[in-house]
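Visitor: upload.txt is reproduced in full below (compact mmCIF, C-alpha atoms).
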```txt
# COMPACT_ATOMS: atom_id res chain seq x y z
CA MET A 16 0.00 0.00 0.00
CA SER A 17 1.39 3.38 -0.95
CA ASP A 18 1.60 6.31 1.45
CA SER A 19 -1.20 8.07 -0.45
CA ASP A 20 -3.42 4.98 -0.25
CA ALA A 21 -2.74 4.62 3.48
CA GLN A 22 -3.76 8.22 4.03
CA GLN A 23 -7.11 7.53 2.37
CA VAL A 24 -7.95 4.51 4.54
CA ARG A 25 -10.07 5.64 7.45
CA PRO A 26 -9.66 4.06 10.88
CA PRO A 27 -12.38 1.61 11.89
CA THR A 28 -15.19 2.68 14.15
CA LEU A 29 -15.66 1.06 17.52
CA ALA A 30 -18.74 -0.68 16.10
CA GLU A 31 -16.59 -2.24 13.36
CA VAL A 32 -13.98 -3.44 15.86
CA MET A 33 -16.75 -4.87 18.04
CA ALA A 34 -18.16 -6.73 15.04
CA GLY A 35 -14.76 -8.28 14.43
CA LEU A 36 -14.43 -9.29 18.07
CA ALA A 37 -17.95 -10.75 18.06
CA ASP A 38 -17.04 -12.89 15.04
CA LEU A 39 -13.99 -14.22 16.85
CA TYR A 40 -15.67 -14.56 20.24
CA PRO A 41 -19.48 -14.58 19.84
CA THR A 42 -21.09 -12.93 22.86
CA GLY A 43 -23.93 -15.46 22.71
CA SER A 44 -21.50 -18.26 23.55
CA ALA A 45 -20.60 -16.74 26.93
CA MET A 46 -21.89 -18.38 30.11
CA ASP A 47 -25.25 -17.12 31.38
CA TRP A 48 -23.63 -15.58 34.46
CA ASP A 49 -20.95 -13.75 32.49
CA ALA A 50 -20.83 -10.04 31.54
CA VAL A 51 -19.19 -9.62 28.14
CA GLY A 52 -19.29 -7.08 25.34
CA LEU A 53 -19.11 -3.30 25.41
CA VAL A 54 -18.91 -1.78 28.90
CA CYS A 55 -18.49 1.84 27.87
CA GLY A 56 -17.73 3.73 24.67
CA ASP A 57 -19.41 5.31 21.65
CA PRO A 58 -19.87 2.79 18.78
CA ASP A 59 -19.36 5.63 16.28
CA GLN A 60 -15.99 6.75 17.62
CA PRO A 61 -12.87 6.01 15.50
CA VAL A 62 -10.38 3.52 16.91
CA ARG A 63 -6.70 4.16 16.26
CA LYS A 64 -5.11 2.50 19.29
CA ILE A 65 -6.15 -0.73 21.04
CA LEU A 66 -4.64 -2.04 24.28
CA PHE A 67 -5.16 -5.71 25.21
CA ALA A 68 -5.07 -6.82 28.86
CA VAL A 69 -6.28 -9.61 31.12
CA ASP A 70 -7.69 -7.33 33.82
CA PRO A 71 -9.22 -3.83 33.57
CA THR A 72 -7.55 -2.72 36.79
CA THR A 73 -6.62 0.83 37.76
CA ALA A 74 -3.00 0.22 36.72
CA VAL A 75 -4.06 -1.07 33.29
CA VAL A 76 -6.40 1.90 32.82
CA ASP A 77 -3.45 4.16 33.71
CA GLU A 78 -1.46 2.46 30.95
CA ALA A 79 -4.31 2.81 28.44
CA ILE A 80 -4.85 6.50 29.16
CA GLU A 81 -1.13 7.35 29.17
CA TRP A 82 -0.80 5.64 25.77
CA ASP A 83 -3.91 7.50 24.53
CA ALA A 84 -5.73 4.28 23.67
CA ASP A 85 -9.18 4.49 22.09
CA LEU A 86 -10.14 0.97 23.18
CA LEU A 87 -9.16 -1.38 25.99
CA VAL A 88 -9.97 -5.03 25.26
CA ALA A 89 -9.97 -6.98 28.52
CA HIS A 90 -10.48 -10.66 29.27
CA HIS A 91 -11.97 -10.26 32.72
CA PRO A 92 -15.20 -8.30 33.21
CA LEU A 93 -15.12 -5.05 35.13
CA LEU A 94 -18.77 -5.36 36.20
CA LEU A 95 -19.27 -9.12 36.54
CA ARG A 96 -21.85 -8.69 39.29
CA ALA A 97 -24.86 -6.48 38.69
CA VAL A 98 -24.58 -2.92 39.99
CA SER A 99 -27.14 -0.15 40.37
CA SER A 100 -24.60 2.65 40.10
CA VAL A 101 -21.25 3.45 38.51
CA ALA A 102 -20.75 6.58 40.57
CA ALA A 103 -17.13 7.57 41.06
CA THR A 104 -17.50 6.82 44.78
CA SER A 105 -16.49 3.18 44.10
CA ALA A 106 -13.27 1.81 42.60
CA LYS A 107 -15.05 0.36 39.58
CA GLY A 108 -17.14 3.49 39.14
CA ARG A 109 -13.97 5.58 39.10
CA ILE A 110 -12.56 3.35 36.35
CA VAL A 111 -15.68 3.83 34.23
CA HIS A 112 -15.53 7.60 34.71
CA ARG A 113 -11.84 7.78 33.87
CA LEU A 114 -12.28 5.73 30.69
CA ILE A 115 -15.19 7.85 29.50
CA ARG A 116 -13.39 11.12 30.22
CA ALA A 117 -10.35 9.85 28.29
CA GLY A 118 -12.47 8.68 25.35
CA CYS A 119 -11.29 5.10 25.85
CA ALA A 120 -13.88 2.37 25.34
CA LEU A 121 -13.83 -0.91 27.29
CA TYR A 122 -14.79 -4.23 25.70
CA VAL A 123 -14.77 -7.62 27.47
CA ALA A 124 -14.34 -11.13 26.00
CA HIS A 125 -14.40 -13.63 28.86
CA THR A 126 -15.99 -17.09 28.81
CA ASN A 127 -16.78 -16.59 25.12
CA ALA A 128 -12.99 -16.33 24.60
CA ASP A 129 -12.43 -19.32 26.90
CA ILE A 130 -14.44 -21.71 24.72
CA ALA A 131 -13.53 -20.22 21.33
CA MET A 132 -11.27 -22.10 18.94
CA PRO A 133 -8.68 -20.70 19.06
CA GLY A 134 -9.22 -19.27 22.51
CA VAL A 135 -7.58 -18.82 25.90
CA SER A 136 -6.65 -22.46 26.48
CA ASP A 137 -5.40 -22.90 22.91
CA ALA A 138 -2.92 -20.08 23.52
CA LEU A 139 -1.78 -21.68 26.79
CA ALA A 140 -1.34 -25.04 25.06
CA ARG A 141 0.59 -23.56 22.15
CA VAL A 142 3.20 -21.76 24.27
CA LEU A 143 3.96 -25.18 25.80
CA GLY A 144 4.35 -26.78 22.38
CA LEU A 145 1.31 -29.05 22.60
CA ASP A 146 -0.10 -30.56 19.41
CA GLU A 147 -3.24 -32.53 18.45
CA LEU A 148 -5.40 -30.20 20.53
CA GLN A 149 -8.96 -31.18 21.45
CA PRO A 150 -11.45 -29.55 23.84
CA LEU A 151 -11.12 -30.85 27.38
CA SER A 152 -14.81 -30.30 28.15
CA PRO A 153 -16.47 -30.09 24.72
CA GLN A 154 -19.58 -28.13 23.93
CA PRO A 155 -21.97 -29.94 21.57
CA LEU A 156 -22.31 -28.52 18.11
CA GLU A 157 -25.49 -26.59 17.47
CA ALA A 158 -28.44 -28.89 16.67
CA LEU A 159 -29.35 -28.52 13.00
CA ASP A 160 -32.31 -29.35 10.76
CA LYS A 161 -32.61 -29.53 7.01
CA ILE A 162 -35.79 -28.35 5.35
CA VAL A 163 -36.71 -29.80 1.94
CA VAL A 164 -39.54 -28.20 -0.01
CA PHE A 165 -40.99 -28.59 -3.52
CA VAL A 166 -42.04 -25.31 -5.13
CA PRO A 167 -43.01 -24.15 -8.63
CA THR A 168 -39.77 -23.19 -10.36
CA ALA A 169 -40.95 -19.64 -11.00
CA SER A 170 -41.39 -19.12 -7.23
CA ALA A 171 -38.21 -20.88 -6.07
CA ASP A 172 -36.09 -17.74 -5.54
CA ALA A 173 -38.82 -16.04 -3.53
CA VAL A 174 -39.15 -19.08 -1.25
CA VAL A 175 -35.36 -19.28 -0.77
CA ASP A 176 -35.31 -15.59 0.15
CA ALA A 177 -38.11 -16.09 2.69
CA LEU A 178 -36.42 -19.11 4.30
CA ALA A 179 -33.10 -17.25 4.49
CA ALA A 180 -34.76 -14.25 6.14
CA ALA A 181 -36.19 -16.62 8.76
CA GLY A 182 -32.77 -18.04 9.63
CA ALA A 183 -32.15 -20.90 7.18
CA GLY A 184 -29.15 -21.28 4.89
CA GLU A 185 -26.39 -19.86 7.12
CA LEU A 186 -23.13 -21.82 6.93
CA GLY A 187 -20.14 -20.14 8.58
CA ASP A 188 -19.55 -16.81 6.86
CA TYR A 189 -22.05 -17.61 4.09
CA SER A 190 -25.77 -16.88 3.97
CA ARG A 191 -28.72 -17.88 1.75
CA CYS A 192 -27.07 -21.26 1.11
CA ALA A 193 -29.42 -23.64 -0.73
CA TRP A 194 -29.27 -26.67 -2.98
CA THR A 195 -31.83 -26.89 -5.78
CA SER A 196 -32.80 -29.35 -8.50
CA THR A 197 -35.70 -29.40 -10.93
CA GLY A 198 -38.20 -32.06 -11.89
CA SER A 199 -41.91 -32.66 -12.50
CA GLY A 200 -44.53 -32.50 -9.79
CA THR A 201 -48.04 -33.89 -10.13
CA PHE A 202 -51.21 -33.62 -8.03
CA THR A 203 -55.00 -33.65 -8.31
CA PRO A 204 -56.94 -31.01 -6.35
CA GLY A 205 -59.89 -32.53 -4.45
CA GLU A 206 -63.30 -31.19 -3.52
CA GLY A 207 -62.97 -28.16 -1.23
CA ALA A 208 -59.45 -27.34 -2.42
CA LYS A 209 -58.58 -23.87 -3.68
CA PRO A 210 -55.54 -24.64 -5.85
CA ALA A 211 -53.15 -21.89 -6.89
CA VAL A 212 -52.46 -23.99 -10.01
CA GLY A 213 -54.91 -26.30 -11.83
CA LYS A 214 -58.58 -27.17 -11.33
CA VAL A 215 -60.47 -29.37 -8.90
CA GLY A 216 -60.57 -32.94 -10.22
CA ASP A 217 -57.97 -32.43 -12.93
CA VAL A 218 -54.54 -34.08 -12.90
CA GLU A 219 -51.94 -31.31 -12.91
CA THR A 220 -48.26 -31.66 -13.86
CA LEU A 221 -45.77 -28.78 -13.78
CA ASP A 222 -42.10 -27.96 -13.39
CA GLU A 223 -41.06 -27.81 -9.73
CA THR A 224 -37.80 -27.08 -7.92
CA ARG A 225 -36.62 -29.06 -4.91
CA VAL A 226 -35.05 -26.66 -2.39
CA GLU A 227 -32.86 -27.86 0.52
CA MET A 228 -31.58 -25.54 3.25
CA VAL A 229 -29.94 -26.12 6.64
CA LEU A 230 -31.15 -24.25 9.72
CA PRO A 231 -30.56 -24.15 13.49
CA ARG A 232 -33.15 -26.38 15.11
CA TYR A 233 -34.37 -23.62 17.38
CA ARG A 234 -35.34 -21.64 14.26
CA ARG A 235 -37.60 -24.44 12.97
CA PRO A 236 -40.94 -22.78 13.85
CA ASP A 237 -39.91 -19.49 12.22
CA VAL A 238 -38.66 -21.19 9.06
CA VAL A 239 -41.75 -23.37 8.65
CA GLN A 240 -43.98 -20.36 9.18
CA ALA A 241 -42.00 -18.40 6.56
CA LEU A 242 -42.26 -21.32 4.14
CA ARG A 243 -46.04 -21.51 4.45
CA ALA A 244 -46.36 -17.74 4.00
CA ALA A 245 -44.13 -17.56 0.91
CA HIS A 246 -45.16 -20.77 -0.86
CA PRO A 247 -47.80 -20.27 -3.55
CA TYR A 248 -49.49 -23.63 -2.92
CA GLU A 249 -52.42 -24.05 -0.54
CA GLU A 250 -50.75 -27.20 0.86
CA PRO A 251 -46.97 -27.07 0.25
CA ALA A 252 -45.09 -30.37 0.31
CA PHE A 253 -42.03 -30.23 2.57
CA ASP A 254 -39.92 -32.34 4.94
CA VAL A 255 -37.98 -31.31 8.04
CA LEU A 256 -35.03 -33.63 8.73
CA GLU A 257 -33.05 -33.63 11.98
CA LEU A 258 -29.36 -33.84 11.07
CA ALA A 259 -27.02 -36.22 12.90
CA ASP A 260 -24.74 -34.97 15.69
CA MET A 261 -21.34 -34.74 14.01
CA GLY A 262 -19.31 -34.50 17.21
CA HIS A 263 -18.24 -31.48 19.20
CA GLY A 264 -17.35 -27.93 18.40
CA THR A 265 -15.81 -25.58 20.94
CA GLY A 266 -15.33 -26.18 24.62
CA VAL A 267 -13.48 -25.33 27.82
CA GLY A 268 -9.84 -26.36 28.23
CA ARG A 269 -7.65 -28.31 25.84
CA VAL A 270 -5.91 -31.68 25.75
CA GLY A 271 -2.78 -32.17 23.66
CA VAL A 272 0.51 -34.00 23.50
CA LEU A 273 4.15 -33.03 23.79
CA ALA A 274 6.45 -34.08 20.96
CA GLU A 275 8.42 -36.27 23.39
CA PRO A 276 7.82 -37.46 26.96
CA VAL A 277 9.47 -35.36 29.66
CA THR A 278 9.71 -35.69 33.40
CA LEU A 279 7.21 -33.83 35.54
CA ASP A 280 10.10 -31.69 36.79
CA GLN A 281 11.07 -30.80 33.21
CA PHE A 282 7.47 -30.03 32.35
CA ALA A 283 7.13 -27.69 35.34
CA ARG A 284 10.29 -25.87 34.25
CA LEU A 285 8.90 -25.60 30.72
CA VAL A 286 5.76 -23.99 32.16
CA SER A 287 7.86 -21.62 34.26
CA SER A 288 9.84 -20.44 31.24
CA ALA A 289 6.83 -20.21 28.88
CA LEU A 290 4.63 -18.02 31.10
CA PRO A 291 5.31 -14.49 32.37
CA PHE A 292 6.91 -14.02 35.77
CA THR A 293 4.73 -14.10 38.86
CA VAL A 294 5.62 -14.19 42.52
CA GLN A 295 3.69 -17.43 42.95
CA GLY A 296 5.69 -19.24 40.29
CA VAL A 297 4.70 -22.84 39.57
CA ARG A 298 3.31 -25.31 42.11
CA VAL A 299 3.52 -29.04 41.39
CA SER A 300 1.92 -32.16 42.86
CA GLY A 301 3.38 -35.50 41.83
CA ASP A 302 6.55 -37.52 41.35
CA LYS A 303 9.08 -35.13 39.80
CA ASP A 304 10.75 -38.01 37.89
CA ALA A 305 7.52 -39.39 36.40
CA LEU A 306 7.26 -39.15 32.62
CA VAL A 307 4.42 -37.08 31.13
CA GLN A 308 3.37 -36.51 27.54
CA ARG A 309 -0.42 -36.14 27.35
CA VAL A 310 -1.31 -32.77 28.87
CA ALA A 311 -4.59 -31.14 29.85
CA VAL A 312 -4.70 -27.37 30.26
CA ALA A 313 -7.33 -24.84 31.28
CA GLY A 314 -6.60 -21.14 31.36
CA GLY A 315 -7.94 -19.53 34.52
CA ALA A 316 -9.54 -21.35 37.45
CA GLY A 317 -9.94 -25.00 36.47
CA ASP A 318 -10.55 -27.11 39.55
CA ASP A 319 -14.12 -27.82 38.44
CA LEU A 320 -12.84 -29.86 35.47
CA PHE A 321 -11.24 -32.82 37.22
CA ASP A 322 -13.80 -35.32 35.90
CA ALA A 323 -13.04 -34.23 32.35
CA VAL A 324 -9.29 -34.34 33.04
CA ARG A 325 -9.49 -37.92 34.30
CA ALA A 326 -11.65 -38.92 31.32
CA SER A 327 -9.11 -37.39 28.93
CA GLY A 328 -6.32 -39.71 30.06
CA ALA A 329 -3.97 -36.79 30.67
CA ASP A 330 -0.72 -37.45 32.50
CA VAL A 331 -0.65 -33.93 33.94
CA TYR A 332 -3.11 -31.09 34.35
CA LEU A 333 -2.03 -27.45 34.15
CA THR A 334 -4.43 -24.78 35.38
CA ALA A 335 -4.74 -21.97 37.93
CA ASP A 336 -6.33 -21.30 41.32
CA LEU A 337 -6.32 -24.91 42.51
CA ARG A 338 -8.00 -25.07 45.91
CA HIS A 339 -6.93 -27.45 48.66
CA HIS A 340 -9.91 -29.81 48.71
CA PRO A 341 -10.41 -30.35 44.95
CA ALA A 342 -6.66 -30.77 44.46
CA SER A 343 -6.34 -33.14 47.40
CA GLU A 344 -9.31 -35.23 46.28
CA ALA A 345 -7.97 -35.40 42.73
CA ARG A 346 -4.62 -36.69 43.95
CA GLU A 347 -6.22 -39.16 46.37
CA SER A 348 -8.44 -40.62 43.64
CA ALA A 349 -5.54 -41.06 41.19
CA GLY A 350 -4.71 -44.75 41.35
CA ASP A 351 -1.35 -44.46 39.56
CA GLY A 352 -0.72 -40.90 40.65
CA ARG A 353 -2.08 -39.39 37.44
CA PRO A 354 -3.04 -36.80 36.55
CA TYR A 355 -0.26 -34.88 38.23
CA LEU A 356 -1.08 -31.27 38.96
CA VAL A 357 0.66 -28.05 37.96
CA ASP A 358 -0.81 -24.84 39.34
CA VAL A 359 0.09 -21.35 38.12
CA SER A 360 -1.14 -17.77 38.51
CA HIS A 361 -4.59 -17.11 37.06
CA TRP A 362 -3.31 -14.03 35.26
CA ALA A 363 -0.26 -15.82 33.84
CA SER A 364 -2.33 -18.71 32.49
CA GLU A 365 -4.52 -16.34 30.46
CA TRP A 366 -1.93 -13.77 29.40
CA PRO A 367 -0.73 -15.75 26.30
CA TRP A 368 -4.19 -15.29 24.72
CA LEU A 369 -3.71 -11.55 24.36
CA ALA A 370 -1.20 -11.70 21.50
CA GLY A 371 -3.45 -14.00 19.47
CA CYS A 372 -6.47 -11.80 20.06
CA GLU A 373 -4.41 -8.79 18.98
CA SER A 374 -3.27 -10.34 15.68
CA ARG A 375 -6.68 -11.80 14.82
CA ILE A 376 -8.64 -8.59 15.30
CA VAL A 377 -6.15 -6.64 13.18
CA ALA A 378 -6.54 -9.27 10.44
CA ALA A 379 -10.34 -9.21 10.80
CA LEU A 380 -10.39 -5.45 10.22
CA GLY A 381 -8.84 -5.92 6.80
CA GLU A 382 -7.48 -2.76 5.18
CA ALA A 383 -8.71 -0.65 8.09
CA GLY A 384 -6.48 -2.71 10.38
CA SER A 385 -3.45 -1.00 8.85
CA THR A 386 -4.53 2.25 10.51
CA VAL A 387 -4.72 0.73 14.00
CA GLU A 388 -1.83 0.59 16.44
CA THR A 389 -2.07 -2.24 18.96
CA ARG A 390 -0.27 -3.22 22.12
CA VAL A 391 -0.42 -6.03 24.68
CA SER A 392 -0.37 -4.56 28.17
CA THR A 393 2.95 -4.76 29.98
CA THR A 394 1.27 -4.30 33.36
CA ARG A 395 1.36 -7.42 35.56
CA THR A 396 -2.05 -7.65 37.22
CA ASP A 397 -1.42 -10.77 39.27
CA PRO A 398 -2.49 -9.58 42.75
CA TRP A 399 0.29 -11.32 44.69
CA THR A 400 3.41 -9.22 45.29
CA MET A 401 5.60 -11.31 47.60
CA HIS A 402 6.36 -14.98 48.29
CA VAL A 403 8.06 -16.18 51.47
CA PRO A 404 8.96 -19.91 51.54
CA SER A 405 7.74 -21.71 54.62
CA ARG A 406 10.52 -22.25 57.17
CA GLY A 407 8.45 -23.62 60.03
CA SER A 408 9.37 -26.81 61.84
CA THR A 409 8.08 -30.16 60.55
CA PRO A 410 4.88 -31.19 62.44
```
Go ahead and render the structure in this file as structure tokens.
Guide:
Amino acid sequence: MSDSDAQQVRPPTLAEVMAGLADLYPTGSAMDWDAVGLVCGDPDQPVRKILFAVDPTTAVVDEAIEWDADLLVAHHPLLLRAVSSVAATSAKGRIVHRLIRAGCALYVAHTNADIAMPGVSDALARVLGLDELQPLSPQPLEALDKIVVFVPTASADAVVDALAAAGAGELGDYSRCAWTSTGSGTFTPGEGAKPAVGKVGDVETLDETRVEMVLPRYRRPDVVQALRAAHPYEEPAFDVLELADMGHGTGVGRVGVLAEPVTLDQFARLVSSALPFTVQGVRVSGDKDALVQRVAVAGGAGDDLFDAVRASGADVYLTADLRHHPASEARESAGDGRPYLVDVSHWASEWPWLAGCESRIVAALGEAGSTVETRVSTTRTDPWTMHVPSRGSTP
């Protein structure tokens, strides 16, 4: 792109950046209890600088404002629990006020980024060199139907349009997807019928088109209603077929394999070198000389996934925020000692996702992405600031 061309490319609006983020991390895939999406900001404002961070803390907001960022993309919600006020009398209210005064929007991608592919756990797995990644706790693919309808050829396009408007025919980034073929249809209108084509008692034959379109199962009532409204026949002939479950789509956590087995001690050191520094460091439970190769990971707090970890056959499980009782029970129930446990800082386990989010949103913006400057926050938001090894006497 020449300098003159670059000068003509306008920066994206916040609404356009949000659309790109929503494509990567659909807000509808977030957990019901989560609070994702736009927290503050004008969708019409131009975005020239984007800062990416795990936590929208005061220190991160300081960094965003000092850098003159137009948008802060955070992983963790600022307002996870419902509030009735964002007055500047509270810490979170002050953050909202500071962002608005500085013209910096705040957007959150949390559990929708956790289950995305690629998402938070993919990034954690990749910095460790894991391959053959699969969801640790898979989410079923969306249930789908296929509607098949026979329509006079002259009316086929109108019926396809109506079905598409009702939610049929969407496949990935494509819409109005349909398969059609033509043939001859025949029928005889009976007494009481009011045929759109033909006469009561006469055998009628005409050119018809078979239309097939896929749709989310929850849209079935809308699509059938649209079909009946758009079809010229009094009694349209159609089938609704429930498509087979073809496996799993996204999900929480990942399971993968190392290229070669390593000892648990070597794996822990790999984790320590791959993740950013924290005072906590890396905690390990298991025989340091045991060999591990199949690895389960979950960015963020993951001690509610032990059933899935055991079912995955993982030799070791890397996650954050392991509590005493779940960790103790997991180790007690491990007949051969597996899965061994590796516990790291919550912030450190999710930090690798930021760089991937940064590069993907720039790519999603296309030509407008060339006008946007991006940065991954250098502020460490792990809350722990000091670690003192225990030196008490042995009980």
Visitor: Just how far from atom CA of Ala89 of chain A is atom CA of Ala50 of chain A, in Å to one decimal?
Guide: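 About the pair atom CA of Ala50 of chain A and atom CA of Ala89 of chain A: they are 11.7 Å apart.
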Visitor: Using all atoms listed in the file, what does the table of segment 36-108 of chain A residues within 7 Å of segment 373-393 of chain A look like, with each row giving the shortest atom pair and its distance in Å to one decimal, sorted by chain and ascending number, as JSON lines?
Guide:
```
{"residue": "A:Leu36", "atom": "CA", "partner": "A:Ile376", "partner_atom": "CA", "distance": 6.5}
{"residue": "A:Val62", "atom": "CA", "partner": "A:Val387", "partner_atom": "CA", "distance": 6.9}
{"residue": "A:Arg63", "atom": "CA", "partner": "A:Val387", "partner_atom": "CA", "distance": 4.6}
{"residue": "A:Lys64", "atom": "CA", "partner": "A:Glu388", "partner_atom": "CA", "distance": 4.7}
{"residue": "A:Ile65", "atom": "CA", "partner": "A:Thr389", "partner_atom": "CA", "distance": 4.8}
{"residue": "A:Leu66", "atom": "CA", "partner": "A:Arg390", "partner_atom": "CA", "distance": 5.0}
{"residue": "A:Phe67", "atom": "CA", "partner": "A:Val391", "partner_atom": "CA", "distance": 4.8}
{"residue": "A:Ala68", "atom": "CA", "partner": "A:Ser392", "partner_atom": "CA", "distance": 5.3}
```
Visitor: Could you take the residues named above and write them with C-alpha atoms, as an mmCIF file, in the frame of the given file?
Guide:
```
data_model
loop_
_atom_site.group_PDB
_atom_site.id
_atom_site.type_symbol
_atom_site.label_atom_id
_atom_site.label_comp_id
_atom_site.auth_asym_id
_atom_site.auth_seq_id
_atom_site.Cartn_x
_atom_site.Cartn_y
_atom_site.Cartn_z
ATOM 1 C CA LEU A 36 -14.430 -9.290 18.070
ATOM 2 C CA VAL A 62 -10.380 3.520 16.910
ATOM 3 C CA ARG A 63 -6.700 4.160 16.260
ATOM 4 C CA LYS A 64 -5.110 2.500 19.290
ATOM 5 C CA ILE A 65 -6.150 -0.730 21.040
ATOM 6 C CA LEU A 66 -4.640 -2.040 24.280
ATOM 7 C CA PHE A 67 -5.160 -5.710 25.210
ATOM 8 C CA ALA A 68 -5.070 -6.820 28.860
#
```
Visitor: What does the distance between atom CA of Phe202 of chain A and atom CA of Glu257 of chain A come to in Å, to one decimal place?
Guide: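 Taking atom CA of Phe202 of chain A and atom CA of Glu257 of chain A, their separation equals 27.0 Å.
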Visitor: For segment 158-161 of chain A, please output as a list in words all residues within 7 Å (counting only C-alpha atoms; exclusion window: fewer than 3 positions along the same chain).
Guide: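 Listing them by chain and then by number gives Glu227, Met228, Val229, Leu230, Pro231, Arg232, Val255, Leu256, Glu257 and Leu258 of chain A.
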Visitor: With C-alpha atoms retained, write the just-selected residues as a PDB file, in the coordinates of the input.
Guide:
```pdb
ATOM      1  CA  GLU A 227     -32.860 -27.860   0.520  1.00  0.00           C
ATOM      2  CA  MET A 228     -31.580 -25.540   3.250  1.00  0.00           C
ATOM      3  CA  VAL A 229     -29.940 -26.120   6.640  1.00  0.00           C
ATOM      4  CA  LEU A 230     -31.150 -24.250   9.720  1.00  0.00           C
ATOM      5  CA  PRO A 231     -30.560 -24.150  13.490  1.00  0.00           C
ATOM      6  CA  ARG A 232     -33.150 -26.380  15.110  1.00  0.00           C
ATOM      7  CA  VAL A 255     -37.980 -31.310   8.040  1.00  0.00           C
ATOM      8  CA  LEU A 256     -35.030 -33.630   8.730  1.00  0.00           C
ATOM      9  CA  GLU A 257     -33.050 -33.630  11.980  1.00  0.00           C
ATOM     10  CA  LEU A 258     -29.360 -33.840  11.070  1.00  0.00           C
TER      11      LEU A 258
END
```
Visitor: Counting only C-alpha atoms, find the residues whose atoms lie at most 10 Å from (7.1, -22.1, 33.1) (file coordinates) and write them out as JSON, numbers by chain.
Guide: {"A": [142, 143, 281, 282, 283, 284, 285, 286, 287, 288, 289, 290, 291, 292, 296, 297, 359, 363]}
Visitor: As a count of residues only, please: the residues near Leu337 of chain A (cut-off 8 Å, only C-alpha atoms, same-chain neighbours under 4 positions excluded).
Guide: 6
Visitor: To one decimal place, how far is atom CA of Ala140 of chain A from atom CA of Glu344 of chain A in Å?
Guide: 24.9 Å
Visitor: Could you please give me, as a ChimeraX atom specification, the residues of protein, DNA or RNA lying at most 10 Å from (1.4, -9.1, 41.2) in the coordinate frame of the file, considering all atoms listed in the file?
Guide: /A:292-295,360,362,394-401
Visitor: Taking all atoms listed in the file into account, name the residue in A:Arg234, A:Lys209, A:Arg338, A:Arg243 that is nearest to Arg298 of chain A.
Guide: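 Closest residue, counting all atoms listed in the file: A:Arg338.
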Visitor: Please provide the set of residues having any atom within 6 Å of Ala313 of chain A, restricted to only C-alpha atoms, with same-chain residues fewer than 3 positions apart removed, written as a PyMOL selection string.
Guide: chain A and resi 136+268+317+334
Visitor: Using all atoms listed in the file, which protein or nucleic acid residues come within 10 Å of segment 171-180 of chain A? Drop anything in the same chain fewer than 6 positions from it, and give the result as a ChimeraX atom specification.
Guide: /A:162,164-165,190-195,223-230,237-247
Visitor: Which residue is closest to Ala128 of chain A? Choose from A:Ala183, A:Val111, A:Ala45, A:Leu53 and count all atoms listed in the file.
Guide: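 That would be A:Ala45, the residue with the smallest distance to Ala128 of chain A.
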Visitor: Rank nothing, just name the residue among A:Leu121, A:Val310, A:Leu95, A:Val135 nearest to Gly371 of chain A, using all atoms listed in the file.
Guide: A:Val135
Visitor: Out of A:Val166, A:Leu39, A:Val51, A:Ala323, which residue has the shortest atom-to-atom distance to Met132 of chain A when counting only C-alpha atoms?
Guide: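 Of A:Val166, A:Leu39, A:Val51, A:Ala323, the one nearest Met132 of chain A is A:Leu39, counting only C-alpha atoms.
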Visitor: For Asp49 of chain A, work out the shell of residues within 9 Å, counting only C-alpha atoms and skipping chain neighbours fewer than 2 positions away, then give it as an MDAnalysis selection string.
Guide: chainID A and resid 45:47 51 92 95:96 125:127
Visitor: Of the residues A:Pro26, A:Leu93, A:Gln60, A:Ile80, which is the one nearest to Ala117 of chain A, using all atoms listed in the file?
Guide: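 So, comparing all the options, the nearest one is A:Ile80.
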Visitor: Ranking A:Asp254, A:Glu249, A:Glu81, A:Glu157 by minimum distance to Pro210 of chain A and counting all atoms listed in the file, which one comes first?
Guide: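 Ranking A:Asp254, A:Glu249, A:Glu81, A:Glu157 by distance to Pro210 of chain A, first place goes to A:Glu249.
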